[in-house]
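Worksheet: the structure to be examined is printed underneath.
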Amino acid sequence: MLNDIQEVLYDAEQIQQKVKELGEQLSRDFNDRNPLVICILKGAFIFMADLVKNMDIPLELDFMAISSYGASTKSSGVVKIIKDLDTPVEGRDVLIVEDIIDSGLTLSYLIDVLERRNAKSVTVATLFDKPAGRTVDLEADYTGFTLPDAFVVGYGLDYAERYRNLPLIGILKPEVYSK
Ligand SMILES: O=P(O)(O)OC[C@H]1O[C@H](OP(=O)(O)OP(=O)(O)O)[C@H](O)[C@@H]1O
Ligand code: HPA
Ligand SMILES: [Mg+2]
């Protein structure tokens with residue numbers, strides 16, 4: 001799998017350190033608010049698991065599966081809910097956990113859905129941000145790393161469902177998706 005990586009951007013140790021810092025910061029900011037922490041599947045599953053282990057406060061978890069990329073390196077532009085939440089969000093402090101913000105389409109759709117369901121507050125934590133990809137104006141409240149304009153995989157992020165299990169984040173060799 002590593003053969004398909006052109007450049008490692010952040011290794012496992014650097015990611016773990018950053019996730020720990022984010023978890024500690026979020027614990028301070030959400031102390032006594034019993035947040036509903038929402039993992040955006042599939043990509044955010046590893047970040048979510050590592051993040052909440054670093055949050056030493058009462059919280060609840062839920063999962064939502066959303067997809068717009070499929071087996072492509074560009075957003076289809078159509079954001080679909082594959083699996084919805086089990087928990088009502090009305091009146092809750094919601095913390096969205098995302099792996100990456102690229103075009104911003106997934107998140108703008110999701111924030112709109114949660115606000116229409118009357119969440120008390122909606123906060124976004126993303127591990128990776130690719131500002132060059134943005135087509136809608138949107139920033140996360142908490143960001144781990146800012147990435148260059150390249151298609152990346154690893155630490156939950158896939159290309160055609162592969163590479164999610166790499167413990168690092170790296171740029172995928174273009175020949176993998178152009179052939
Ligand atoms: O800002 P955007 O351009 O919308 O891109 C970000 C979203 O795209 C990816 O999900 P994807 O649709 O690939 O589903 P997956 O998490 O199941 O891989 C990623 O995990 C984010 O959720
Ligand atoms: O660079 C990316 N890699 C994997 N999935 C993604 N979803 C949005 N951008 C990306
Ligand atoms: Mg994907």
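Chain identifiers are assigned as A, B, and so on, following the order in which chains appear in the structure tokens; residues are numbered from 1 within each chain, and ligands are numbered from 1 in order of appearance.
Once only C-alpha atoms and all ligand atoms are used for the distance check, the residues close to ligand 1 at 6 Å turn out to be A:Leu41, A:Lys42, A:Gly43, A:Ile66, A:Ser67, A:Ser68, A:Tyr69, A:Gly70, A:Ser75, A:Asp99, A:Ile100, A:Ile101, A:Asp102, A:Ser103, A:Gly104, A:Leu105, A:Thr106, A:Asp158.
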Distance query Arg92 of chain A at most 6 Å, only C-alpha atoms, self and fewer than 3 positions along chain excluded, as a short mmCIF file (atom, residue, chain, number, x, y, z; two decimals) with N, CA and C atoms, in the first residue's frame:
data_model
loop_
_atom_site.label_atom_id
_atom_site.label_comp_id
_atom_site.auth_asym_id
_atom_site.auth_seq_id
_atom_site.Cartn_x
_atom_site.Cartn_y
_atom_site.Cartn_z
N VAL A 89 -31.31 15.64 17.87
CA VAL A 89 -30.31 16.67 18.16
C VAL A 89 -30.93 17.93 18.76
N ALA A 119 -30.65 21.91 16.60
CA ALA A 119 -29.54 21.73 17.53
C ALA A 119 -29.31 23.05 18.26
N LYS A 120 -28.88 22.97 19.51
CA LYS A 120 -28.61 24.20 20.27
C LYS A 120 -27.38 24.90 19.70
#
Next item on the list: Please extract the residues at most 6 Å from ligand 2, counting only C-alpha atoms and all ligand atoms, and provide them as a count of residues only, using the chain letters and residue numbers of this document.
Entry: 7
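Distances here use only C-alpha atoms; by that measure, the residue among A:Asp62, A:Asp56, A:Asp149, A:Glu7 closest to Leu85 of chain A is A:Asp62.
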Next item on the list: DSSP on the backbone, then: every residue of segment 20-164 of chain A marked strand (DSSP E), written as a PyMOL selection string.
Entry: chain A and resi 36-41+60-67+80-83+93-101+121-129+142-146+152-153
Next item on the list: Find, counting only C-alpha atoms, the residue in A:Tyr155, A:Phe145, A:Phe63, A:Phe30 that gets nearest to Lys18 of chain A.
Entry: A:Phe145
Margin query: At a cut-off of 7 Å, using only C-alpha atoms, what residues contact Ile40 of chain A? Leave out same-chain residues fewer than 4 positions from it and give the result as a PyMOL selection string.
Written below: chain A and resi 44+63-66+97-98
Atoms to include: N, CA and C atoms. Write the selected residues as a JSON list (two decimals), in the first residue's frame.
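again.json, freshly written:
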[["chain", "number", "residue", "atom", "x", "y", "z"],
["A", 44, "ALA", "N", -14.26, 9.42, 8.94],
["A", 44, "ALA", "CA", -13.85, 9.96, 10.25],
["A", 44, "ALA", "C", -13.75, 8.89, 11.34],
["A", 63, "PHE", "N", -23.46, 8.29, 14.98],
["A", 63, "PHE", "CA", -22.80, 8.10, 13.69],
["A", 63, "PHE", "C", -23.76, 8.44, 12.56],
["A", 64, "MET", "N", -23.19, 9.06, 11.54],
["A", 64, "MET", "CA", -23.98, 9.39, 10.36],
["A", 64, "MET", "C", -23.09, 9.04, 9.16],
["A", 65, "ALA", "N", -23.64, 8.35, 8.19],
["A", 65, "ALA", "CA", -22.84, 8.02, 7.00],
["A", 65, "ALA", "C", -23.29, 8.91, 5.85],
["A", 66, "ILE", "N", -22.31, 9.60, 5.27],
["A", 66, "ILE", "CA", -22.57, 10.53, 4.18],
["A", 66, "ILE", "C", -21.57, 10.25, 3.08],
["A", 97, "VAL", "N", -17.52, 15.55, 13.94],
["A", 97, "VAL", "CA", -16.13, 15.11, 13.76],
["A", 97, "VAL", "C", -15.94, 14.66, 12.32],
["A", 98, "GLU", "N", -15.13, 15.39, 11.58],
["A", 98, "GLU", "CA", -14.86, 15.10, 10.17],
["A", 98, "GLU", "C", -13.39, 14.76, 9.98]]
Note to self: Can you pull out the residues contacting Asn31 of chain A? Cut-off 8 Å, using only C-alpha atoms, and skip same-chain residues under 3 positions away; I want them as number ranges by chain.
What the structure shows: A: 27-28, 34, 57-58
Any chance you can output those residues with C-alpha atoms as a PDB file, in the first residue's frame?
ATOM      1  CA  SER A  27     -12.498  18.695  26.693  1.00  0.00           C
ATOM      2  CA  ARG A  28     -11.904  22.162  28.102  1.00  0.00           C
ATOM      3  CA  ASN A  34     -22.632  16.739  27.535  1.00  0.00           C
ATOM      4  CA  ILE A  57     -15.574  14.521  29.917  1.00  0.00           C
ATOM      5  CA  PRO A  58     -19.124  13.115  29.767  1.00  0.00           C
TER       6      PRO A  58
END
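The alpha helix (DSSP H) portion of segment 70-154 of chain A consists of Leu105, Thr106, Leu107, Ser108, Tyr109, Leu110, Ile111, Asp112, Val113, Leu114, Glu115 and Arg116 of chain A, with states taken from DSSP on the backbone.
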Residue subset to file, keeping C-alpha atoms, as a JSON list (two decimals), in the first residue's frame:
[["chain", "number", "residue", "atom", "x", "y", "z"],
["A", 105, "LEU", "CA", -20.16, 20.57, 0.29],
["A", 106, "THR", "CA", -20.54, 17.68, 2.78],
["A", 107, "LEU", "CA", -20.27, 19.95, 5.77],
["A", 108, "SER", "CA", -22.45, 22.78, 4.49],
["A", 109, "TYR", "CA", -25.20, 20.22, 3.78],
["A", 110, "LEU", "CA", -24.80, 18.65, 7.21],
["A", 111, "ILE", "CA", -24.76, 21.91, 9.17],
["A", 112, "ASP", "CA", -27.95, 22.89, 7.40],
["A", 113, "VAL", "CA", -29.61, 19.56, 8.33],
["A", 114, "LEU", "CA", -28.61, 19.85, 12.00],
["A", 115, "GLU", "CA", -29.71, 23.48, 12.27],
["A", 116, "ARG", "CA", -33.09, 22.63, 10.76]]
Notebook entry, point to check: Given the choices A:Pro35, A:Gly154, A:Gly144, A:Tyr177, which gets closest to Gln14 of chain A if the distance is worked out from only C-alpha atoms?
Noted result: A:Gly144
Check: Which residue gives the smallest distance to ligand 3 among A:Lys74, A:Lys179, A:Lys83, A:Lys173, with only C-alpha atoms and all ligand atoms counted?
Finding: A:Lys74
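Among the candidate residues A:Val136, A:Ala71, A:Ile82, A:Val52, the one lying nearest to Ser178 of chain A is A:Ala71, with distances computed using only C-alpha atoms.
Each of A:Ser76, A:Thr135, A:Gln16, A:Asn118 was compared to ligand 3 using only C-alpha atoms and all ligand atoms, and A:Ser76 turns out to be the nearest.
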Next item on the list: Write out as number ranges by chain the residues lying within 6 Å of Leu36 of chain A, counting only C-alpha atoms and excluding same-chain residues fewer than 4 positions away.
Entry: A: 60-61, 94
Item checked: Point-to-point distance from atom CA of Arg162 of chain A to atom CA of Pro148 of chain A, Å rounded to tenths -> 20.9 Å
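Between atom CA of Tyr142 of chain A and atom CA of Val122 of chain A the separation is 12.1 Å.
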